[in-house]
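Q: Quick one: the structure is below, and I'll ask about it shortly.
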Amino acid sequence: MNTGQSFAVRRSERPEVWEQYAAADVPLVTQWDDGQHVGPDPGRVPTSSASMPSVVMRMLNDLDAQHGQRVLEIGTGTGWNAALLAHQLGNWNVVSVEVDSGVANQARSAISRAGLGVEVVNADGADGHPPGCPYDRVIATCGLRSIPYAWLQQCRPGAVIVAPWGSRFSNQDALVRLVVADDGRSASGRFTGPVEFMKLRSQRQTYVDHSAYVTGSVAAGDQSATTVTEAEVLGEGRFPAVQFVLGLTVPHCTRMVADKRDGARPVWFYGLTDRSWACVLFRDGEREATVWQSGPRRLWDQAESALVWWAEGGRPGHDRFGLTTTARGQRAWLDDPDNSWVVPSAQSPTQRRPHQ
């Protein structure tokens with residue numbers, strides 16, 4: 001995992017290595033390219049996996065499901081998480097929804113071989129599973145850009161929903177723990193920490209064509225300068241809070257960080273509801289970065305304002321932010337739900353691949 005690379009291990013060929021990785025605290029990719037990939041080498045896009053055991057335990061701890069409660073799981077994968085829940089809650093108290101029929105069949109067989117009872121349903125998890133409701137808990141093992149309201153409708157008052165949630169600004173997520181209100185019309189709660197998951201298939205991001213935004217030279221944009229540093233924009237570590245915050249506060253925007261070459265790194269911002277774009281070029285050793293912007297929105301100005309707001313607030317981490325979702329949409333908040341603002345839903349225009 002430290003190398004960021006994947007390689008295949010067949011149980012029949014290298015059983016000891018297979019067992020080593022199966023027991024390790026690493027994510028295990030079990031499907032590439034929606035099952036279309038063949039051969040021993042990694043495919044283009046991982047589309048099903050077994051999550052890191054430490055992340056699974058974090059999520060189950062947030063879920064806090066009790067014996068006898070009914071749980072709806074979105075994303076069966078290998079079936080391991082559903083099996084853990086069934087072992088804890090009792091057989092046939094878990095409904096697990098998996099969109100991929102092949103993955104669902106394999107998980108169903110594995111859970112049966114373990115002697116556990118889980119109802120595995122082959123369907124789109126965004127719809128939940130009305131025949132099995134009401135549920136006391138909902139857990140998603142895929143990343144979301146909006147919480148489907150159908151899940152709230154299938155929950156009891158006071159039910160808990162645990163899911164990886166993020167914005168279209170980047171691929172990163174954060175676990176959110178929502179509690180369904182007594183009237184069942186809303187759910188609200190805090191983020192508990194950063195993660196990154198494969199996305200719910202109906203909420204996947206497609207990728208932007210850079211040339212549709214920048215049709216000529218970047219110099220055609222309005223030029224300015226900023227004293228914001230590369231470190232302040234990108235943050236440090238795998239899950240910098242600044243990226244999460246920018247995703248919450250700069251709506252309908254996606255960002256791409258290009259490779260650094262000869263001490264220079266461009267960071268691109270693209271509007272998702274129009275053709276607005278911005279580029280900030282950071283150069284090692286220089287006190288100011290050059291900014292170019294174009295379109296009806298000044299995306300860098302919005303990002304810079306968000307950075308100032310975050311810094312003035314003491315640079316709060318993931319766990320000071322929260323989310324409230326209703327039939328009308330979703331709102332993010334800092335410290336208190338009364339201090340909230342609208343964040344885009346998954347129905348917003350999709351993200352496309354930028355040029356690097």
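Lettering and numbering for the structure tokens are positional, with chains as A, B, ... in the shown order, residues counted from 1 in each chain, and ligands counted from 1 in the shown order.
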For the structure I just gave you, how does DSSP split segment 182-311 of chain A - specifically, which residues are alpha helix (DSSP H)? Reply as a PDB file with N, CA, C and O atoms, in the first residue's frame.

A:
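Saved to result_24.pdb:
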```pdb
ATOM      1  N   HIS A 210     -10.217  19.198 -20.713  1.00  0.00           N
ATOM      2  CA  HIS A 210      -9.566  20.478 -20.453  1.00  0.00           C
ATOM      3  C   HIS A 210      -9.740  21.453 -21.619  1.00  0.00           C
ATOM      4  O   HIS A 210      -9.951  22.658 -21.421  1.00  0.00           O
ATOM      5  N   SER A 211      -9.684  20.923 -22.838  1.00  0.00           N
ATOM      6  CA  SER A 211      -9.749  21.790 -24.014  1.00  0.00           C
ATOM      7  C   SER A 211     -11.110  22.448 -24.183  1.00  0.00           C
ATOM      8  O   SER A 211     -11.237  23.442 -24.904  1.00  0.00           O
ATOM      9  N   ALA A 212     -12.145  21.921 -23.524  1.00  0.00           N
ATOM     10  CA  ALA A 212     -13.456  22.562 -23.576  1.00  0.00           C
ATOM     11  C   ALA A 212     -13.484  23.819 -22.713  1.00  0.00           C
ATOM     12  O   ALA A 212     -14.360  24.674 -22.869  1.00  0.00           O
ATOM     13  N   TYR A 213     -12.525  23.939 -21.795  1.00  0.00           N
ATOM     14  CA  TYR A 213     -12.437  25.106 -20.921  1.00  0.00           C
ATOM     15  C   TYR A 213     -11.402  26.102 -21.446  1.00  0.00           C
ATOM     16  O   TYR A 213     -11.702  27.275 -21.664  1.00  0.00           O
ATOM     17  N   GLU A 230       1.770  27.025  -2.118  1.00  0.00           N
ATOM     18  CA  GLU A 230       1.390  25.696  -2.593  1.00  0.00           C
ATOM     19  C   GLU A 230       0.978  24.802  -1.427  1.00  0.00           C
ATOM     20  O   GLU A 230      -0.017  24.077  -1.509  1.00  0.00           O
ATOM     21  N   ALA A 231       1.716  24.866  -0.320  1.00  0.00           N
ATOM     22  CA  ALA A 231       1.395  24.039   0.847  1.00  0.00           C
ATOM     23  C   ALA A 231       0.045  24.407   1.437  1.00  0.00           C
ATOM     24  O   ALA A 231      -0.699  23.534   1.923  1.00  0.00           O
ATOM     25  N   GLU A 232      -0.292  25.699   1.419  1.00  0.00           N
ATOM     26  CA  GLU A 232      -1.577  26.136   1.956  1.00  0.00           C
ATOM     27  C   GLU A 232      -2.736  25.644   1.103  1.00  0.00           C
ATOM     28  O   GLU A 232      -3.824  25.380   1.625  1.00  0.00           O
ATOM     29  N   VAL A 233      -2.531  25.516  -0.194  1.00  0.00           N
ATOM     30  CA  VAL A 233      -3.591  25.063  -1.090  1.00  0.00           C
ATOM     31  C   VAL A 233      -3.737  23.543  -1.066  1.00  0.00           C
ATOM     32  O   VAL A 233      -4.845  23.012  -1.034  1.00  0.00           O
ATOM     33  N   LEU A 234      -2.615  22.848  -1.047  1.00  0.00           N
ATOM     34  CA  LEU A 234      -2.652  21.387  -1.160  1.00  0.00           C
ATOM     35  C   LEU A 234      -2.675  20.673   0.171  1.00  0.00           C
ATOM     36  O   LEU A 234      -3.146  19.534   0.264  1.00  0.00           O
ATOM     37  N   ALA A 241      -7.055  18.269   5.484  1.00  0.00           N
ATOM     38  CA  ALA A 241      -8.365  18.856   5.758  1.00  0.00           C
ATOM     39  C   ALA A 241      -8.697  19.985   4.794  1.00  0.00           C
ATOM     40  O   ALA A 241      -9.865  20.212   4.474  1.00  0.00           O
ATOM     41  N   VAL A 242      -7.676  20.688   4.294  1.00  0.00           N
ATOM     42  CA  VAL A 242      -7.929  21.828   3.426  1.00  0.00           C
ATOM     43  C   VAL A 242      -8.667  21.403   2.161  1.00  0.00           C
ATOM     44  O   VAL A 242      -9.533  22.145   1.660  1.00  0.00           O
ATOM     45  N   GLN A 243      -8.374  20.234   1.624  1.00  0.00           N
ATOM     46  CA  GLN A 243      -9.078  19.789   0.427  1.00  0.00           C
ATOM     47  C   GLN A 243     -10.548  19.513   0.709  1.00  0.00           C
ATOM     48  O   GLN A 243     -11.432  19.818  -0.097  1.00  0.00           O
ATOM     49  N   PHE A 244     -10.810  18.924   1.856  1.00  0.00           N
ATOM     50  CA  PHE A 244     -12.190  18.675   2.265  1.00  0.00           C
ATOM     51  C   PHE A 244     -12.941  19.994   2.440  1.00  0.00           C
ATOM     52  O   PHE A 244     -14.085  20.142   1.988  1.00  0.00           O
ATOM     53  N   VAL A 245     -12.297  20.966   3.066  1.00  0.00           N
ATOM     54  CA  VAL A 245     -12.929  22.263   3.316  1.00  0.00           C
ATOM     55  C   VAL A 245     -13.197  22.999   2.009  1.00  0.00           C
ATOM     56  O   VAL A 245     -14.275  23.580   1.816  1.00  0.00           O
ATOM     57  N   LEU A 246     -12.246  22.982   1.089  1.00  0.00           N
ATOM     58  CA  LEU A 246     -12.482  23.633  -0.201  1.00  0.00           C
ATOM     59  C   LEU A 246     -13.648  22.981  -0.933  1.00  0.00           C
ATOM     60  O   LEU A 246     -14.448  23.657  -1.588  1.00  0.00           O
ATOM     61  N   GLY A 247     -13.762  21.664  -0.824  1.00  0.00           N
ATOM     62  CA  GLY A 247     -14.892  20.984  -1.446  1.00  0.00           C
ATOM     63  C   GLY A 247     -16.223  21.380  -0.843  1.00  0.00           C
ATOM     64  O   GLY A 247     -17.244  21.434  -1.545  1.00  0.00           O
ATOM     65  N   LEU A 248     -16.234  21.688   0.453  1.00  0.00           N
ATOM     66  CA  LEU A 248     -17.469  22.114   1.122  1.00  0.00           C
ATOM     67  C   LEU A 248     -17.841  23.557   0.805  1.00  0.00           C
ATOM     68  O   LEU A 248     -19.020  23.916   0.835  1.00  0.00           O
ATOM     69  N   THR A 249     -16.837  24.385   0.519  1.00  0.00           N
ATOM     70  CA  THR A 249     -17.079  25.829   0.464  1.00  0.00           C
ATOM     71  C   THR A 249     -16.963  26.446  -0.926  1.00  0.00           C
ATOM     72  O   THR A 249     -17.337  27.614  -1.112  1.00  0.00           O
ATOM     73  N   LEU A 299     -13.035  31.345  -9.950  1.00  0.00           N
ATOM     74  CA  LEU A 299     -12.895  30.184  -9.080  1.00  0.00           C
ATOM     75  C   LEU A 299     -11.737  30.327  -8.092  1.00  0.00           C
ATOM     76  O   LEU A 299     -11.848  29.907  -6.941  1.00  0.00           O
ATOM     77  N   TRP A 300     -10.633  30.907  -8.547  1.00  0.00           N
ATOM     78  CA  TRP A 300      -9.542  31.080  -7.598  1.00  0.00           C
ATOM     79  C   TRP A 300      -9.915  32.093  -6.523  1.00  0.00           C
ATOM     80  O   TRP A 300      -9.585  31.894  -5.346  1.00  0.00           O
ATOM     81  N   ASP A 301     -10.597  33.163  -6.884  1.00  0.00           N
ATOM     82  CA  ASP A 301     -11.014  34.136  -5.869  1.00  0.00           C
ATOM     83  C   ASP A 301     -11.893  33.457  -4.813  1.00  0.00           C
ATOM     84  O   ASP A 301     -11.760  33.727  -3.612  1.00  0.00           O
ATOM     85  N   GLN A 302     -12.792  32.577  -5.263  1.00  0.00           N
ATOM     86  CA  GLN A 302     -13.641  31.857  -4.315  1.00  0.00           C
ATOM     87  C   GLN A 302     -12.816  30.933  -3.433  1.00  0.00           C
ATOM     88  O   GLN A 302     -13.038  30.849  -2.218  1.00  0.00           O
ATOM     89  N   ALA A 303     -11.856  30.229  -4.026  1.00  0.00           N
ATOM     90  CA  ALA A 303     -11.010  29.328  -3.247  1.00  0.00           C
ATOM     91  C   ALA A 303     -10.157  30.106  -2.249  1.00  0.00           C
ATOM     92  O   ALA A 303     -10.007  29.698  -1.088  1.00  0.00           O
ATOM     93  N   GLU A 304      -9.619  31.223  -2.680  1.00  0.00           N
ATOM     94  CA  GLU A 304      -8.782  32.029  -1.787  1.00  0.00           C
ATOM     95  C   GLU A 304      -9.600  32.567  -0.618  1.00  0.00           C
ATOM     96  O   GLU A 304      -9.140  32.564   0.536  1.00  0.00           O
ATOM     97  N   SER A 305     -10.821  33.010  -0.891  1.00  0.00           N
ATOM     98  CA  SER A 305     -11.697  33.487   0.183  1.00  0.00           C
ATOM     99  C   SER A 305     -12.009  32.358   1.164  1.00  0.00           C
ATOM    100  O   SER A 305     -12.057  32.571   2.390  1.00  0.00           O
ATOM    101  N   ALA A 306     -12.224  31.151   0.644  1.00  0.00           N
ATOM    102  CA  ALA A 306     -12.498  30.006   1.509  1.00  0.00           C
ATOM    103  C   ALA A 306     -11.291  29.682   2.388  1.00  0.00           C
ATOM    104  O   ALA A 306     -11.441  29.354   3.574  1.00  0.00           O
ATOM    105  N   LEU A 307     -10.096  29.797   1.826  1.00  0.00           N
ATOM    106  CA  LEU A 307      -8.884  29.548   2.611  1.00  0.00           C
ATOM    107  C   LEU A 307      -8.731  30.565   3.743  1.00  0.00           C
ATOM    108  O   LEU A 307      -8.340  30.219   4.862  1.00  0.00           O
ATOM    109  N   VAL A 308      -9.049  31.829   3.451  1.00  0.00           N
ATOM    110  CA  VAL A 308      -8.981  32.867   4.483  1.00  0.00           C
ATOM    111  C   VAL A 308      -9.998  32.580   5.577  1.00  0.00           C
ATOM    112  O   VAL A 308      -9.686  32.660   6.782  1.00  0.00           O
ATOM    113  N   TRP A 309     -11.223  32.239   5.199  1.00  0.00           N
ATOM    114  CA  TRP A 309     -12.271  31.915   6.170  1.00  0.00           C
ATOM    115  C   TRP A 309     -11.847  30.750   7.051  1.00  0.00           C
ATOM    116  O   TRP A 309     -12.009  30.783   8.279  1.00  0.00           O
ATOM    117  N   TRP A 310     -11.275  29.731   6.447  1.00  0.00           N
ATOM    118  CA  TRP A 310     -10.838  28.547   7.197  1.00  0.00           C
ATOM    119  C   TRP A 310      -9.710  28.898   8.160  1.00  0.00           C
ATOM    120  O   TRP A 310      -9.721  28.476   9.332  1.00  0.00           O
ATOM    121  N   ALA A 311      -8.737  29.684   7.697  1.00  0.00           N
ATOM    122  CA  ALA A 311      -7.613  30.071   8.547  1.00  0.00           C
ATOM    123  C   ALA A 311      -8.069  30.927   9.715  1.00  0.00           C
ATOM    124  O   ALA A 311      -7.634  30.737  10.863  1.00  0.00           O
TER     125      ALA A 311
END
```

Q: Could you pull the residues within 6 Å of segment 13-28 of chain A, counting only C-alpha atoms, minus those fewer than 3 positions along the same chain, as a ChimeraX atom specification?

A: /A:9-10,49-53

Q: For Arg315 of chain A, which residue out of A:Ala159, A:Glu73, A:Gly235, A:Val121 is the nearest one, using only C-alpha atoms?

A: A:Gly235

Q: Please list as a list in words every residue within 12 Å of Val56 of chain A, counting only C-alpha atoms and excluding residues in the same chain fewer than 3 positions away.

A: Asp25, Val26, Pro27, Ala50, Ser51, Met52, Pro53, Met59, Leu60, Asn61, Asp62, Leu63, Trp80, Asn81, Ala82, Leu84, Leu85, Ile139, Ala140, Thr141, Cys142, Val162, Ala163, Pro164, Leu175, Val195 and Phe197 of chain A

Q: Go ahead and write the residues just picked, N, CA, C and O atoms, as an mmCIF file, in the first residue's frame.

A:
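Final output, saved to selection26.cif:
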```cif
data_model
loop_
_atom_site.group_PDB
_atom_site.id
_atom_site.type_symbol
_atom_site.label_atom_id
_atom_site.label_comp_id
_atom_site.auth_asym_id
_atom_site.auth_seq_id
_atom_site.Cartn_x
_atom_site.Cartn_y
_atom_site.Cartn_z
ATOM 1 N N ASP A 25 -3.650 -5.219 7.049
ATOM 2 C CA ASP A 25 -4.497 -4.020 7.123
ATOM 3 C C ASP A 25 -4.287 -3.172 5.870
ATOM 4 O O ASP A 25 -3.748 -2.069 5.916
ATOM 5 N N VAL A 26 -4.726 -3.729 4.748
ATOM 6 C CA VAL A 26 -4.632 -3.044 3.455
ATOM 7 C C VAL A 26 -5.929 -3.300 2.695
ATOM 8 O O VAL A 26 -6.606 -4.298 2.918
ATOM 9 N N PRO A 27 -6.308 -2.400 1.769
ATOM 10 C CA PRO A 27 -7.467 -2.675 0.914
ATOM 11 C C PRO A 27 -7.098 -3.697 -0.146
ATOM 12 O O PRO A 27 -5.982 -3.691 -0.672
ATOM 13 N N ALA A 50 -12.245 -5.342 -0.901
ATOM 14 C CA ALA A 50 -12.418 -5.525 0.537
ATOM 15 C C ALA A 50 -11.676 -4.379 1.210
ATOM 16 O O ALA A 50 -10.480 -4.176 0.979
ATOM 17 N N SER A 51 -12.368 -3.599 2.019
ATOM 18 C CA SER A 51 -11.763 -2.417 2.635
ATOM 19 C C SER A 51 -10.723 -2.810 3.678
ATOM 20 O O SER A 51 -10.694 -3.934 4.170
ATOM 21 N N MET A 52 -9.862 -1.845 3.998
ATOM 22 C CA MET A 52 -8.896 -2.061 5.076
ATOM 23 C C MET A 52 -9.631 -2.459 6.348
ATOM 24 O O MET A 52 -10.608 -1.800 6.735
ATOM 25 N N PRO A 53 -9.181 -3.499 7.044
ATOM 26 C CA PRO A 53 -9.852 -3.887 8.295
ATOM 27 C C PRO A 53 -9.961 -2.756 9.308
ATOM 28 O O PRO A 53 -10.973 -2.642 10.002
ATOM 29 N N MET A 59 -15.821 2.146 10.914
ATOM 30 C CA MET A 59 -17.194 2.342 10.455
ATOM 31 C C MET A 59 -18.187 1.569 11.327
ATOM 32 O O MET A 59 -19.258 2.083 11.666
ATOM 33 N N LEU A 60 -17.833 0.349 11.687
ATOM 34 C CA LEU A 60 -18.735 -0.425 12.548
ATOM 35 C C LEU A 60 -18.835 0.199 13.933
ATOM 36 O O LEU A 60 -19.900 0.157 14.568
ATOM 37 N N ASN A 61 -17.745 0.787 14.395
ATOM 38 C CA ASN A 61 -17.790 1.489 15.682
ATOM 39 C C ASN A 61 -18.716 2.701 15.595
ATOM 40 O O ASN A 61 -19.518 2.954 16.514
ATOM 41 N N ASP A 62 -18.639 3.452 14.501
ATOM 42 C CA ASP A 62 -19.543 4.592 14.306
ATOM 43 C C ASP A 62 -20.993 4.125 14.191
ATOM 44 O O ASP A 62 -21.920 4.799 14.666
ATOM 45 N N LEU A 63 -21.190 2.965 13.565
ATOM 46 C CA LEU A 63 -22.552 2.458 13.364
ATOM 47 C C LEU A 63 -23.201 2.063 14.683
ATOM 48 O O LEU A 63 -24.394 2.297 14.896
ATOM 49 N N TRP A 80 -17.735 -9.660 3.465
ATOM 50 C CA TRP A 80 -17.109 -9.745 4.788
ATOM 51 C C TRP A 80 -17.784 -8.818 5.803
ATOM 52 O O TRP A 80 -18.094 -9.225 6.925
ATOM 53 N N ASN A 81 -18.025 -7.582 5.415
ATOM 54 C CA ASN A 81 -18.653 -6.643 6.343
ATOM 55 C C ASN A 81 -20.059 -7.096 6.720
ATOM 56 O O ASN A 81 -20.462 -7.045 7.898
ATOM 57 N N ALA A 82 -20.823 -7.570 5.740
ATOM 58 C CA ALA A 82 -22.173 -8.072 6.023
ATOM 59 C C ALA A 82 -22.116 -9.280 6.952
ATOM 60 O O ALA A 82 -22.971 -9.437 7.834
ATOM 61 N N LEU A 84 -19.771 -9.909 9.211
ATOM 62 C CA LEU A 84 -19.470 -9.420 10.556
ATOM 63 C C LEU A 84 -20.734 -8.898 11.240
ATOM 64 O O LEU A 84 -20.970 -9.158 12.432
ATOM 65 N N LEU A 85 -21.548 -8.167 10.493
ATOM 66 C CA LEU A 85 -22.786 -7.635 11.054
ATOM 67 C C LEU A 85 -23.750 -8.759 11.423
ATOM 68 O O LEU A 85 -24.386 -8.729 12.487
ATOM 69 N N ILE A 139 -25.464 1.405 6.543
ATOM 70 C CA ILE A 139 -24.030 1.608 6.365
ATOM 71 C C ILE A 139 -23.701 1.458 4.889
ATOM 72 O O ILE A 139 -24.140 0.515 4.233
ATOM 73 N N ALA A 140 -22.962 2.424 4.355
ATOM 74 C CA ALA A 140 -22.552 2.388 2.950
ATOM 75 C C ALA A 140 -21.060 2.101 2.877
ATOM 76 O O ALA A 140 -20.262 2.731 3.586
ATOM 77 N N THR A 141 -20.688 1.166 2.025
ATOM 78 C CA THR A 141 -19.276 0.855 1.817
ATOM 79 C C THR A 141 -18.810 1.378 0.463
ATOM 80 O O THR A 141 -17.928 0.807 -0.171
ATOM 81 N N CYS A 142 -19.411 2.472 0.029
ATOM 82 C CA CYS A 142 -19.035 3.147 -1.207
ATOM 83 C C CYS A 142 -19.150 4.649 -0.965
ATOM 84 O O CYS A 142 -19.927 5.097 -0.120
ATOM 85 N N VAL A 162 -24.273 5.629 8.464
ATOM 86 C CA VAL A 162 -22.824 5.848 8.386
ATOM 87 C C VAL A 162 -22.407 5.668 6.940
ATOM 88 O O VAL A 162 -22.698 4.630 6.329
ATOM 89 N N ALA A 163 -21.726 6.676 6.382
ATOM 90 C CA ALA A 163 -21.364 6.607 4.966
ATOM 91 C C ALA A 163 -20.143 7.472 4.683
ATOM 92 O O ALA A 163 -19.948 8.515 5.319
ATOM 93 N N PRO A 164 -19.320 7.072 3.710
ATOM 94 C CA PRO A 164 -18.264 7.951 3.221
ATOM 95 C C PRO A 164 -18.884 8.998 2.292
ATOM 96 O O PRO A 164 -19.547 8.651 1.316
ATOM 97 N N LEU A 175 -15.973 10.035 6.597
ATOM 98 C CA LEU A 175 -17.093 9.308 7.187
ATOM 99 C C LEU A 175 -18.031 10.284 7.882
ATOM 100 O O LEU A 175 -17.590 11.145 8.644
ATOM 101 N N VAL A 195 -11.514 9.301 4.717
ATOM 102 C CA VAL A 195 -11.350 8.003 4.065
ATOM 103 C C VAL A 195 -11.392 8.246 2.559
ATOM 104 O O VAL A 195 -11.581 9.369 2.112
ATOM 105 N N PHE A 197 -13.192 5.979 -0.780
ATOM 106 C CA PHE A 197 -13.882 4.776 -1.223
ATOM 107 C C PHE A 197 -14.192 4.862 -2.706
ATOM 108 O O PHE A 197 -14.308 5.952 -3.277
#
```

Q: Would you list, as number ranges by chain, the residues of segment 135-355 of chain A that end up in strand (DSSP E) under DSSP run on this structure's backbone?

A: A: 135-140, 155-165, 173-180, 186-195, 222-226, 253-257, 264-271, 277-283, 289-294, 321-326, 329-334, 340-343

Q: Enter the distance from atom CA of Cys253 of chain A to atom CA of Gly166 of chain A, in Å, rounded to one decimal.

A: 12.6 Å

Q: For the atom pair atom CA of Val280 of chain A and atom CA of Pro266 of chain A, what is the interatomic distance in Å to one decimal place?

A: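 It comes out at 5.5 Å.
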
Q: With a distance cut-off of 12 Å and only C-alpha atoms, select the neighbouring residues of Leu144 of chain A, excluding the residue or stretch itself and same-chain residues fewer than 3 positions from it, and output the selection as a PyMOL selection string.

A: chain A and resi 74-75+125-126+139-141+147-148+162-168+171-176+195-205+344-347

Q: From the options A:Tyr135, A:Trp333, A:Trp277, A:Tyr207, which residue's atoms come nearest to Gly68 of chain A, counting only C-alpha atoms?

A: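 The closest residue to Gly68 of chain A is A:Tyr135.
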
Q: Would you compute the distance between atom CA of Gly322 of chain A and atom CA of Asn339 of chain A? Give it in Å to one decimal.

A: 10.0 Å
